[in-house]
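Source file: structure.txt (compact mmCIF, C-alpha atoms and all ligand atoms)
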```
# COMPACT_ATOMS: atom_id res chain seq x y z
CA MET X 166 -32.49 -7.47 -12.20
CA LYS X 167 -31.45 -11.09 -12.64
CA GLU X 168 -33.41 -11.36 -15.90
CA ALA X 169 -31.94 -8.15 -17.25
CA LEU X 170 -28.43 -9.38 -16.48
CA GLN X 171 -29.09 -12.79 -18.03
CA LYS X 172 -30.42 -11.07 -21.11
CA ALA X 173 -27.34 -8.84 -21.35
CA VAL X 174 -25.04 -11.85 -20.99
CA ARG X 175 -26.84 -13.82 -23.67
CA GLU X 176 -26.96 -10.82 -25.98
CA ALA X 177 -23.24 -10.18 -25.63
CA LEU X 178 -22.51 -13.77 -26.63
CA GLU X 179 -25.12 -13.98 -29.40
CA SER X 180 -24.14 -10.74 -31.08
CA GLY X 181 -20.47 -11.76 -31.00
CA LYS X 182 -19.65 -8.67 -28.95
CA ALA X 183 -17.97 -11.08 -26.54
CA LYS X 184 -16.46 -14.48 -27.08
CA ALA X 185 -16.90 -15.49 -23.48
CA THR X 186 -18.55 -14.29 -20.30
CA VAL X 187 -17.50 -14.62 -16.69
CA ILE X 188 -20.55 -15.01 -14.48
CA LEU X 189 -20.97 -15.90 -10.84
CA VAL X 190 -22.83 -19.03 -9.83
CA GLU X 191 -23.63 -20.36 -6.39
CA LYS X 192 -22.78 -23.93 -5.52
CA ASP X 193 -23.15 -25.51 -2.08
CA GLY X 194 -23.47 -22.03 -0.63
CA GLU X 195 -20.19 -20.87 -2.20
CA LEU X 196 -19.87 -18.27 -4.93
CA MET X 197 -17.65 -19.12 -7.84
CA PRO X 198 -16.86 -17.65 -11.22
CA ARG X 199 -17.91 -19.59 -14.27
CA LEU X 200 -16.74 -19.14 -17.84
CA VAL X 201 -19.58 -19.31 -20.33
CA THR X 202 -19.15 -19.24 -24.09
CA LYS X 203 -22.58 -20.22 -25.43
CA PRO X 204 -25.76 -18.15 -25.08
CA ASP X 205 -27.77 -21.33 -24.33
CA ASP X 206 -25.42 -22.55 -21.60
CA PRO X 207 -27.65 -23.65 -18.68
CA ALA X 208 -25.23 -22.01 -16.25
CA ILE X 209 -26.72 -18.68 -17.28
CA ASP X 210 -30.04 -19.81 -15.78
CA SER X 211 -28.39 -20.11 -12.38
CA LEU X 212 -26.49 -16.83 -12.64
CA TYR X 213 -26.01 -15.33 -9.18
CA SER X 214 -27.25 -11.79 -8.76
CA GLY X 215 -27.56 -11.54 -5.00
CA ASP X 216 -25.90 -9.23 -2.53
CA ARG X 217 -22.67 -11.12 -1.95
CA ARG X 218 -19.56 -9.79 -3.59
CA TYR X 219 -16.77 -11.69 -5.27
CA PRO X 220 -13.30 -10.67 -6.54
CA THR X 221 -14.24 -11.35 -10.16
CA ALA X 222 -11.49 -9.01 -11.34
CA SER X 223 -8.82 -11.46 -10.14
CA PHE X 224 -10.40 -14.13 -12.28
CA VAL X 225 -10.38 -11.83 -15.30
CA VAL X 226 -6.67 -11.16 -14.76
CA MET X 227 -5.97 -14.91 -14.88
CA LEU X 228 -8.30 -15.58 -17.77
CA GLN X 229 -7.58 -12.85 -20.24
CA PRO X 230 -4.16 -14.10 -21.38
CA VAL X 231 -5.64 -17.46 -22.38
CA ILE X 232 -8.80 -16.25 -24.11
CA THR X 233 -8.62 -14.80 -27.56
CA GLY X 234 -11.45 -12.39 -28.15
CA ASP X 235 -13.41 -10.11 -25.89
CA ILE X 236 -14.80 -11.15 -22.50
CA ALA X 237 -18.04 -9.80 -21.07
CA VAL X 238 -18.07 -9.34 -17.28
CA PRO X 239 -20.88 -8.21 -15.04
CA VAL X 240 -19.30 -5.62 -12.73
CA ARG X 241 -20.33 -3.67 -9.70
CA GLU X 242 -19.02 -0.13 -9.52
CA CYS X 243 -16.08 -1.26 -7.34
CA ASP X 244 -15.22 -4.03 -9.84
CA ARG X 245 -15.03 -1.39 -12.53
CA ARG X 246 -12.58 0.68 -10.47
CA MET X 247 -10.44 -2.43 -9.95
CA LEU X 248 -10.36 -3.32 -13.62
CA PHE X 249 -9.53 0.27 -14.51
CA GLU X 250 -6.63 0.39 -12.06
CA LEU X 251 -5.47 -3.07 -13.14
CA SER X 252 -5.47 -1.96 -16.77
CA LYS X 253 -3.21 0.96 -15.92
CA ARG X 254 -0.87 -1.61 -14.38
CA ASN X 255 -0.94 -3.81 -17.48
CA GLN X 256 -2.80 -6.64 -15.77
CA VAL X 257 -5.89 -6.51 -17.95
CA ASP X 258 -6.73 -5.08 -21.34
CA LEU X 259 -9.88 -2.99 -20.91
CA GLU X 260 -10.29 -2.73 -24.66
CA ARG X 261 -11.00 -6.44 -24.74
CA LEU X 262 -13.57 -6.37 -21.96
CA VAL X 263 -17.28 -5.69 -22.24
CA LEU X 264 -18.40 -4.40 -18.86
CA LEU X 265 -22.01 -5.03 -17.87
CA GLY X 266 -22.88 -2.68 -15.03
CA THR X 267 -24.53 -4.58 -12.21
CA PRO X 268 -26.70 -2.58 -9.83
CA CYS X 269 -26.21 -3.02 -6.09
CA THR X 270 -29.14 -3.02 -3.74
CA GLN X 271 -29.40 -0.09 -1.38
CA GLU X 272 -28.36 -2.37 1.51
CA VAL X 273 -25.13 -3.34 -0.23
CA ALA X 274 -24.38 0.26 -1.17
CA ASP X 275 -25.01 1.40 2.38
CA ALA X 276 -22.85 -1.34 3.85
CA CYS X 277 -20.03 -0.32 1.50
CA GLY X 278 -20.50 3.40 2.00
CA CYS X 279 -20.88 3.63 -1.79
CA ASP X 280 -22.94 6.58 -2.94
CA HIS X 281 -23.02 5.79 -6.63
CA PRO X 282 -23.69 2.12 -7.33
CA PHE X 283 -24.69 1.22 -10.87
CA THR X 284 -28.37 1.37 -11.63
CA ALA X 285 -30.56 -0.78 -13.82
CA ASP X 286 -29.79 1.60 -16.70
CA ASP X 287 -26.14 0.60 -16.62
CA ILE X 288 -26.64 -3.09 -17.30
CA ALA X 289 -26.15 -2.87 -21.04
CA ILE X 290 -22.79 -1.19 -20.63
CA ALA X 291 -21.10 0.16 -17.56
CA PRO X 292 -20.40 3.88 -17.72
CA SER X 293 -17.28 5.14 -16.06
CA LEU X 294 -17.97 7.15 -12.98
CA ALA X 295 -15.74 9.13 -10.72
CA SER X 296 -15.80 7.75 -7.22
CA PRO X 297 -15.67 10.25 -4.41
CA ALA X 298 -15.25 8.02 -1.39
CA ASP X 299 -17.29 9.15 1.57
CA PRO X 300 -15.26 9.19 4.74
CA LEU X 301 -16.22 6.34 7.05
CA PRO X 302 -16.99 7.34 10.60
CA LEU X 303 -13.65 7.36 12.43
CA PRO X 304 -13.17 5.11 15.46
CA GLU X 305 -12.87 7.24 18.58
CA ALA X 306 -9.19 6.48 19.14
CA LEU X 307 -8.40 7.88 15.70
CA GLN X 308 -10.23 11.12 16.31
CA SER X 309 -7.75 12.01 19.00
CA ASN X 310 -4.60 13.95 18.19
CA ASP X 311 -2.52 11.89 20.56
CA PRO X 312 -0.11 9.72 18.53
CA ALA X 313 0.29 7.26 21.38
CA GLU X 314 -3.44 6.66 21.43
CA LYS X 315 -3.50 6.06 17.67
CA LEU X 316 -0.61 3.64 17.86
CA ALA X 317 -2.21 1.79 20.74
CA PHE X 318 -5.43 1.54 18.76
CA TRP X 319 -3.74 0.04 15.72
CA MET X 320 -1.49 -2.32 17.66
CA GLY X 321 -4.53 -3.52 19.56
CA GLU X 322 -6.30 -4.22 16.29
CA PHE X 323 -3.32 -5.88 14.59
CA GLU X 324 -2.79 -8.08 17.63
CA ARG X 325 -5.90 -10.07 16.76
CA CYS X 326 -4.58 -11.07 13.33
CA ILE X 327 -4.36 -14.82 12.81
CA LYS X 328 -2.37 -14.59 9.57
CA CYS X 329 -5.03 -16.30 7.52
CA MET X 330 -3.92 -14.28 4.48
CA GLY X 331 -7.56 -13.65 3.61
CA CYS X 332 -6.99 -9.93 3.15
CA ARG X 333 -4.29 -10.50 0.59
CA ASN X 334 -5.97 -13.39 -1.15
CA VAL X 335 -9.30 -11.67 -1.66
CA CYS X 336 -7.80 -8.41 -2.88
CA PRO X 337 -7.93 -8.07 -6.66
CA MET X 338 -5.31 -5.34 -6.48
CA CYS X 339 -2.84 -7.80 -4.93
CA PHE X 340 -1.63 -9.28 -8.19
CA CYS X 341 2.14 -9.59 -7.72
CA ASN X 342 3.48 -13.07 -8.33
CA ASP X 343 6.16 -12.63 -5.69
CA CYS X 344 4.37 -11.29 -2.64
CA ALA X 345 6.37 -9.42 -0.01
CA LEU X 346 4.30 -11.14 2.65
CA ASP X 347 5.82 -14.45 1.51
CA ASN X 348 9.33 -13.05 1.74
CA LEU X 349 10.80 -14.79 4.77
CA ASP X 350 13.35 -12.01 5.25
CA LEU X 351 10.49 -9.61 5.87
CA VAL X 352 7.83 -11.77 7.48
CA SER X 353 9.13 -14.75 9.38
CA ALA X 354 7.46 -18.06 8.70
CA GLU X 355 7.55 -19.16 12.33
CA SER X 356 5.61 -16.29 13.79
CA LYS X 357 1.95 -17.13 13.75
CA PRO X 358 0.25 -14.83 14.63
CA PRO X 359 2.43 -12.52 12.54
CA GLU X 360 4.88 -9.93 13.74
CA ILE X 361 3.08 -6.64 14.04
CA PRO X 362 2.84 -4.01 12.77
CA ILE X 363 5.10 -4.96 9.84
CA PHE X 364 2.72 -7.56 8.44
CA HIS X 365 -0.08 -5.04 8.10
CA LEU X 366 2.07 -2.09 7.16
CA ILE X 367 3.68 -3.89 4.22
CA ARG X 368 0.22 -4.20 2.74
CA ALA X 369 -0.74 -0.69 3.74
CA VAL X 370 2.22 0.89 2.01
CA ASP X 371 1.65 -1.12 -1.14
CA MET X 372 -2.05 -0.36 -1.18
CA ALA X 373 -1.52 3.39 -0.86
CA ASP X 374 -1.67 3.88 -4.61
CA ARG X 375 -3.57 0.72 -5.53
CA CYS X 376 -6.51 0.13 -3.20
CA VAL X 377 -9.82 1.02 -4.82
CA ASP X 378 -11.67 0.98 -1.51
CA CYS X 379 -13.94 -1.95 -2.29
CA GLY X 380 -13.88 -3.12 1.31
CA MET X 381 -13.69 -6.84 0.58
CA CYS X 382 -10.58 -7.30 2.76
CA GLU X 383 -12.33 -5.88 5.80
CA ALA X 384 -15.43 -7.92 5.07
CA ILE X 385 -13.43 -11.14 4.92
CA CYS X 386 -11.11 -10.55 7.89
CA PRO X 387 -12.11 -13.05 10.61
CA ALA X 388 -10.44 -10.85 13.23
CA GLU X 389 -12.53 -7.86 12.21
CA ILE X 390 -9.53 -5.59 11.83
CA PRO X 391 -10.56 -2.23 10.29
CA LEU X 392 -8.40 -2.79 7.23
CA ARG X 393 -10.40 -0.49 5.04
CA GLN X 394 -9.76 2.39 7.41
CA LEU X 395 -6.04 1.54 7.34
CA TYR X 396 -5.85 1.59 3.56
CA ARG X 397 -8.00 4.69 3.38
CA GLN X 398 -5.40 6.46 5.49
CA ALA X 399 -2.72 5.23 3.11
CA ARG X 400 -4.77 6.31 0.07
CA GLN X 401 -5.24 9.74 1.58
CA ILE X 402 -1.47 10.18 1.84
CA VAL X 403 -1.04 9.48 -1.86
CA LYS X 404 -3.94 11.76 -2.68
CA ASP X 405 -2.43 14.61 -0.66
CA ALA X 406 1.10 14.12 -1.93
CA PHE X 407 0.45 13.28 -5.56
CA GLY X 408 -3.20 14.05 -6.23
CA TYR X 409 -3.58 10.42 -7.26
CA GLU X 410 -6.61 8.23 -6.56
CA PRO X 411 -6.42 4.59 -7.56
CA GLY X 412 -9.32 3.46 -9.71
CA VAL X 413 -10.31 7.06 -10.38
CA SER X 414 -7.36 9.07 -11.73
CA GLU X 415 -6.91 8.76 -15.47
CA GLU X 416 -3.11 8.68 -15.41
CA LYS X 417 -0.83 5.93 -14.13
CA SER X 418 0.28 6.05 -10.53
CA PRO X 419 3.16 8.50 -10.13
CA VAL X 420 4.35 6.79 -6.94
CA GLU X 421 6.28 3.99 -8.58
CA MET X 422 6.93 5.69 -11.91
CA LEU X 423 9.36 8.41 -12.85
CA GLY X 424 7.42 9.99 -15.66
CA GLU X 425 7.59 13.59 -16.82
CA PRO X 426 7.48 16.01 -15.18
CA THR X 427 9.32 14.39 -12.33
CA GLU X 428 7.89 14.87 -8.87
CA LEU X 429 9.55 14.99 -5.49
CA ALA X 430 6.43 15.04 -3.34
CA GLY X 431 7.77 17.93 -1.29
CA MET X 432 11.02 16.14 -0.44
CA GLU X 433 13.34 18.40 -2.52
CA GLU X 434 15.36 19.36 0.51
CA GLY X 435 15.07 16.01 2.24
CA PHE X 436 13.04 15.71 5.42
CA ARG X 437 13.91 16.59 8.95
CA THR X 438 11.79 17.65 11.83
CA GLY X 439 12.96 20.62 13.83
CA GLN X 440 15.76 22.93 12.79
CA ILE X 441 17.26 22.98 9.35
CA PRO X 442 21.02 22.81 9.84
CA ALA X 443 23.00 25.74 8.51
CA GLU X 444 25.34 24.74 5.69
CA MET T 143 10.46 -1.94 37.25
CA ALA T 144 14.19 -2.62 37.17
CA GLU T 145 13.77 -3.59 33.57
CA ALA T 146 12.07 -0.32 32.76
CA ALA T 147 14.91 1.63 34.35
CA GLU T 148 17.42 -0.36 32.36
CA GLN T 149 15.44 0.32 29.18
CA ALA T 150 15.41 4.02 29.83
CA GLN T 151 19.15 4.04 30.21
CA GLU T 152 19.79 2.10 27.06
CA ASP T 153 20.81 4.48 24.30
CA VAL T 154 18.94 4.78 21.03
CA LYS T 155 19.86 2.72 17.96
CA ILE T 156 19.80 4.29 14.54
CA VAL T 157 20.13 2.60 11.18
CA ALA T 158 21.39 4.71 8.29
CA PHE T 159 20.95 3.65 4.67
CA LEU T 160 23.66 5.40 2.66
CA CYS T 161 24.13 5.36 -1.08
CA ASN T 162 27.49 4.12 -2.26
CA TRP T 163 28.42 7.08 -4.43
CA CYS T 164 27.67 10.13 -2.33
CA SER T 165 26.59 9.70 1.25
CA TYR T 166 28.75 6.69 2.08
CA ALA T 167 31.71 8.59 0.67
CA GLY T 168 30.58 11.58 2.75
CA ALA T 169 30.54 9.39 5.85
CA ASP T 170 33.98 8.12 4.91
CA LEU T 171 35.24 11.66 4.57
CA ALA T 172 33.86 12.51 8.00
CA GLY T 173 35.74 9.46 9.30
CA VAL T 174 39.12 10.17 7.73
CA SER T 175 38.80 13.82 8.73
CA ARG T 176 38.39 12.56 12.32
CA MET T 177 35.12 14.40 12.79
CA GLN T 178 33.37 13.40 15.99
CA TYR T 179 29.78 12.21 16.07
CA PRO T 180 27.68 9.96 18.30
CA PRO T 181 28.29 6.21 17.94
CA ASN T 182 24.59 5.29 17.74
CA VAL T 183 24.45 4.80 14.02
CA ARG T 184 24.84 1.56 12.09
CA ASP T 185 25.48 2.30 8.43
CA ILE T 186 24.13 0.13 5.65
CA ARG T 187 25.62 0.83 2.25
CA VAL T 188 23.33 0.46 -0.75
CA MET T 189 24.27 1.19 -4.35
CA CYS T 190 21.60 3.86 -4.67
CA THR T 191 18.90 5.11 -2.30
CA GLY T 192 16.47 4.22 -5.10
CA THR T 193 16.99 0.56 -4.14
CA ILE T 194 15.52 1.05 -0.67
CA SER T 195 12.04 -0.38 -0.55
CA PRO T 196 9.57 0.95 2.01
CA HIS T 197 9.39 -2.64 3.26
CA MET T 198 13.02 -2.40 4.35
CA VAL T 199 12.32 0.71 6.38
CA LEU T 200 9.38 -1.03 8.06
CA LYS T 201 11.53 -4.08 8.76
CA THR T 202 14.23 -1.90 10.30
CA PHE T 203 11.71 -0.48 12.75
CA GLN T 204 10.27 -3.93 13.40
CA GLU T 205 13.72 -5.22 14.28
CA GLY T 206 14.13 -2.56 16.91
CA ALA T 207 15.66 0.56 15.37
CA ASP T 208 14.67 3.75 17.16
CA GLY T 209 15.42 5.87 14.12
CA VAL T 210 16.03 5.41 10.41
CA LEU T 211 18.08 7.77 8.27
CA ILE T 212 18.19 7.63 4.51
CA ALA T 213 20.94 9.64 2.86
CA GLY T 214 21.76 9.87 -0.82
CA CYS T 215 23.09 12.09 -3.56
CA HIS T 216 21.59 15.54 -4.01
CA ILE T 217 18.71 15.73 -6.46
CA GLY T 218 20.24 15.86 -9.92
CA ASP T 219 23.42 14.11 -8.77
CA CYS T 220 22.21 10.51 -8.43
CA HIS T 221 24.69 8.29 -10.23
CA TYR T 222 21.84 6.33 -11.76
CA GLY T 223 20.08 9.43 -13.01
CA LYS T 224 16.87 9.62 -11.04
CA GLY T 225 17.11 6.96 -8.35
CA ASN T 226 16.71 9.54 -5.63
CA TYR T 227 13.50 10.86 -7.17
CA MET T 228 12.05 7.45 -6.36
CA THR T 229 13.53 7.71 -2.88
CA ALA T 230 11.90 11.08 -2.33
CA LYS T 231 8.46 9.83 -3.38
CA ARG T 232 8.62 6.61 -1.40
CA PHE T 233 9.96 8.45 1.61
CA ARG T 234 7.00 10.81 1.55
CA VAL T 235 4.57 7.89 1.61
CA ILE T 236 6.33 5.92 4.34
CA LYS T 237 6.89 8.95 6.57
CA ASP T 238 3.26 10.02 6.32
CA LEU T 239 2.04 6.47 6.83
CA LEU T 240 4.08 6.05 10.01
CA ALA T 241 2.87 9.43 11.24
CA SER T 242 -0.76 8.58 10.51
CA LEU T 243 -0.41 5.48 12.67
CA GLY T 244 0.97 7.49 15.56
CA ILE T 245 4.70 6.85 15.10
CA ASP T 246 6.81 9.88 15.94
CA GLU T 247 8.08 11.70 12.83
CA ARG T 248 11.32 12.47 14.63
CA ARG T 249 12.33 8.85 14.09
CA ILE T 250 12.81 9.17 10.37
CA ARG T 251 14.92 11.48 8.27
CA LEU T 252 15.91 11.99 4.66
CA GLU T 253 19.08 13.91 3.77
CA TRP T 254 21.02 14.60 0.62
CA VAL T 255 24.72 14.35 1.49
CA SER T 256 27.41 14.55 -1.19
CA ALA T 257 30.84 12.90 -1.11
CA ALA T 258 32.35 16.26 -0.24
CA GLU T 259 30.00 16.96 2.67
CA GLY T 260 31.71 15.18 5.55
CA ALA T 261 30.67 18.02 7.80
CA LYS T 262 27.04 17.72 6.76
CA TYR T 263 27.18 14.01 7.55
CA GLN T 264 28.61 14.77 10.97
CA GLU T 265 25.95 17.40 11.61
CA THR T 266 23.21 15.08 10.35
CA ILE T 267 24.21 12.21 12.62
CA THR T 268 24.65 14.51 15.60
CA SER T 269 21.34 16.29 15.28
CA PHE T 270 19.43 13.17 14.27
CA THR T 271 20.77 11.24 17.27
CA GLU T 272 19.65 14.05 19.56
CA GLN T 273 16.29 14.13 17.88
CA VAL T 274 15.79 10.37 18.24
CA ARG T 275 16.94 10.50 21.86
CA ALA T 276 14.30 13.12 22.47
CA ALA T 277 11.71 10.78 20.93
CA GLY T 278 12.98 7.96 23.14
CA LYS T 279 13.07 4.22 22.60
CA SER T 280 10.78 3.11 19.81
CA PRO T 281 7.45 1.63 20.86
CA LEU T 282 7.75 -0.71 17.88
CA ALA T 283 11.02 -2.22 19.01
CA LYS T 284 10.07 -5.86 19.27
CA ALA T 285 6.57 -4.78 20.21
CA GLY T 286 5.25 -7.29 17.77
CA LYS T 287 7.45 -10.21 18.87
CA ARG T 288 5.01 -12.57 20.46
S1 LIG X 501 -10.44 -2.42 -0.04
FE1 LIG X 501 -9.11 -4.19 0.50
S2 LIG X 501 -9.62 -5.83 -0.99
FE2 LIG X 501 -10.45 -3.86 -1.83
S3 LIG X 501 -8.81 -3.06 -3.18
FE3 LIG X 501 -8.50 -2.13 -1.13
S4 LIG X 501 -7.02 -3.49 -0.09
FE4 LIG X 501 -7.86 -4.65 -1.84
S1 LIG X 502 -7.70 -11.17 6.87
FE1 LIG X 502 -7.44 -10.29 8.95
S2 LIG X 502 -6.75 -12.04 10.23
FE2 LIG X 502 -6.48 -12.67 8.08
S3 LIG X 502 -4.31 -12.11 7.64
FE3 LIG X 502 -5.59 -10.35 6.98
S4 LIG X 502 -5.60 -8.98 8.76
FE4 LIG X 502 -4.90 -11.00 9.51
S1 LIG X 503 23.46 6.90 -6.49
FE1 LIG X 503 23.28 8.19 -4.71
S2 LIG X 503 21.10 8.37 -4.60
FE2 LIG X 503 21.28 7.23 -6.46
```

Render the structure in this file as structure tokens.
Ligand code: SF4
Ligand code: SF4
Ligand code: FES
Amino acid sequence: MKEALQKAVREALESGKAKATVILVEKDGELMPRLVTKPDDPAIDSLYSGDRRYPTASFVVMLQPVITGDIAVPVRECDRRMLFELSKRNQVDLERLVLLGTPCTQEVADACGCDHPFTADDIAIAPSLASPADPLPLPEALQSNDPAEKLAFWMGEFERCIKCMGCRNVCPMCFCNDCALDNLDLVSAESKPPEIPIFHLIRAVDMADRCVDCGMCEAICPAEIPLRQLYRQARQIVKDAFGYEPGVSEEKSPVEMLGEPTELAGMEEGFRTGQIPAE
Amino acid sequence: MAEAAEQAQEDVKIVAFLCNWCSYAGADLAGVSRMQYPPNVRDIRVMCTGTISPHMVLKTFQEGADGVLIAGCHIGDCHYGKGNYMTAKRFRVIKDLLASLGIDERRIRLEWVSAAEGAKYQETITSFTEQVRAAGKSPLAKAGKR
């Protein structure tokens, strides 16, 4: 697999298909992205092709504005969903990217709950695939229909947060320059650990039409908060209300866009529980 | 124990976001017409309901509101064209998100109230206050203050 990827990287540079390549290398046990422009660059020899994942897409977002010409990027299936969603949000130009599909081992795919990782056949060029996300097994508290139990479950999880900001920082879909989590009117600077649930819900509401379900936030969270489950719930809401799935749907997200035809997501008459007042 | 009893007696607090052009004028009309409604609501005037970010609704709950009302112009009447279309879509997401986390849906309401509908404003506040009272004090009120 490593050889095939190295070959694809070198070929992309040699043939002029790409002016530069972003590869991952391992240094002192840490993964880092590396920009390579020459097919004989020795960095390609130490290309990382192991099981660890890295938010390469964030690096591409930073890099693309300063590189003229196409960039080749080895991508896992989740990376491809990210780049696709980011392109719809004008953060990357997919036309100027050459995607090299990187297979995941069965262990990685199982750990991610991904049923359609790229295979060795995809290395030359990543095909676009739809991504039906398999539901993760629900924690017991969330299987119950009792709202109080659900709330207690989430508050108990959020309570462990140490406000390390890892979830935000690792997330390639978190690209805003002004982050709401840094807005002191919303999230006070003094409270460490953070005020809950607002800290987590700000991200949840913003991820509802953006999260591509890569699972890196949950993997990085030192408090082991089931963040992926949280954002899956948020994604489901957008799917039910708008039929939109980030990273999968062809169109742009209707949630923050007016577009035509206009949608009201079932809120034409406003929303009230109980009786509708007589006019 | 004594504290719990005190809490139970404390009445609910509701924050209403009203758009300047329709619903705030509707509230004003209810006021000058001397219509009676419960005093639990604190109004916040915004230029258009389209300016209300979901983050603000979350913050309102975090700061201790027991209910949040958003009221704006009827669909088609927004003074900025389609601001309330954005409101409708965002409201759907935030309402469903709160519900999916186990927060009572009775705590949040969206109404279209025109400048001429003082009576609808009165009815809205009255029924919403009752509804929020039935839901009780919010479990989020300062829950997260540690
Ligand atoms: S799973 Fe987490 S890191 Fe991945 S896109 Fe969603 S929110 Fe971001
Ligand atoms: S990664 Fe986990 S502990 Fe760190 S800020 Fe996010 S939720 Fe909190
Ligand atoms: S001006 Fe009233 S909702 Fe936009």

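A distance cut-off of 8 Å from ligand LIG 502 (chain X), applied to only C-alpha atoms and all ligand atoms, picks out the residues X:Phe323, X:Arg325, X:Cys326, X:Ile327, X:Lys328, X:Cys329, X:Met330, X:Gly331, X:Cys332, X:Arg333, X:His365, X:Cys382, X:Glu383, X:Ile385, X:Cys386, X:Pro387, X:Ala388, X:Glu389, X:Ile390, X:Leu392.
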
Practice prompt. Go through the chains and note each residue within 6 Å of ligand LIG 503 (chain X), using only C-alpha atoms and all ligand atoms, then give the set as a list in words.
Written response: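 Listing the residues within 6 Å of ligand LIG 503 (chain X) gives Cys161, Trp163, Cys164, Cys190, Thr191, Gly192, Gly214, Cys215, Cys220, His221, Tyr222, Gly225 and Asn226 of chain T.
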
Practice prompt. Choose the residue, out of X:Pro220, X:Pro198, X:Gly321, X:Gly380, that has the smallest atom-to-atom separation from chain T; count all atoms listed in the file.
Written response: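 So, comparing all the options, the nearest one is X:Gly321.
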
Discussion item. Could you list, as a ChimeraX atom specification, all residues that come within 6 Å of ligand LIG 501 (chain X)? Count only C-alpha atoms and all ligand atoms.
Written reply: /X:335-338,372,376-382,393

Discussion item. Give me, as a PyMOL selection string, the residues of chain T touching chain X, with the criterion being at most 8 Å (counting only C-alpha atoms).
Written reply: chain T and resi 196-198+200-201+204+217+224+227-228+230-232+234-236+238-239+241-248+250-254+262+265+282+285-288

Fill in: Nearby residues (only C-alpha atoms) at most 10 Å from Ser280 of chain T, same-chain spacing under 5 positions excluded, as a ChimeraX atom specification
/T:154-155,203-204,206-209,245-246,249,274-275,285

Practice prompt. Go ahead and compute the interatomic distance for atom CA of Val413 of chain X and atom CA of Arg261 of chain X, in Å to one decimal.
Written response: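 Between these atoms lies a distance of 19.7 Å.
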
Worksheet item: Between T:Leu211, T:Gly278, T:Tyr263, T:Lys237, which one has atoms that come closest to Tyr166 of chain T, using only C-alpha atoms?
Response: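 Nearest candidate to Tyr166 of chain T out of T:Leu211, T:Gly278, T:Tyr263, T:Lys237: T:Tyr263.
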
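With all atoms listed in the file as the atoms that count, the minimum distance from Thr266 of chain T to the choices T:Leu240, T:Ala213, T:Val157, T:Ile186 is reached by T:Ala213.
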
Worksheet item: Which residues, written as a list in words, have at least one atom at most 6 Å from Arg187 of chain T, with all atoms listed in the file counted and residues fewer than 3 positions away on the same chain left out?
Response: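 In the requested form, the answer reads Phe159, Leu160, Cys161 and Asn162 of chain T.
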
Discussion item. Let me make sure I understand: among T:Ala276, T:Leu171, T:Val255, T:Ala158, which one has the smallest atom-to-atom distance to Val183 of chain T if we use all atoms listed in the file?
Written reply: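 Of T:Ala276, T:Leu171, T:Val255, T:Ala158, the one nearest Val183 of chain T, counting all atoms listed in the file, is T:Ala158.
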
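Here atom CA of Val174 of chain X is placed at a distance of 17.7 Å from atom CA of Glu260 of chain X.
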
Worksheet item: Counting only C-alpha atoms, which of X:Arg199, X:Ser180, X:Pro268, X:Ile236 gets nearest to Lys167 of chain X?
Response: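 For Lys167 of chain X, the nearest of the candidates is X:Pro268.
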
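Counting all atoms listed in the file, the residue from X:Pro411, X:Cys339, X:Ala169, X:Leu189 that sits nearest to Gly266 of chain X is X:Ala169.
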
Worksheet item: What lies within 7 Å of segment 274-281 of chain X using all atoms listed in the file, ignoring chain neighbours under 3 positions off, as a PyMOL selection string?
Response: chain X and resi 269-271+299+380

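The space separating atom CA of Ser211 of chain X from atom CA of Leu265 of chain X comes to 17.3 Å.
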
Can you tell me, as lines of an AutoDock Vina configuration file, the centre and edge lengths (Å, one decimal) of the axis-aligned box enclosing all of segment 402-408 of chain X's listed atoms after padding each side by 5 Å?
```
center_x = -1.4
center_y = 12.0
center_z = -2.2
size_x = 15.0
size_y = 15.1
size_z = 18.1
```
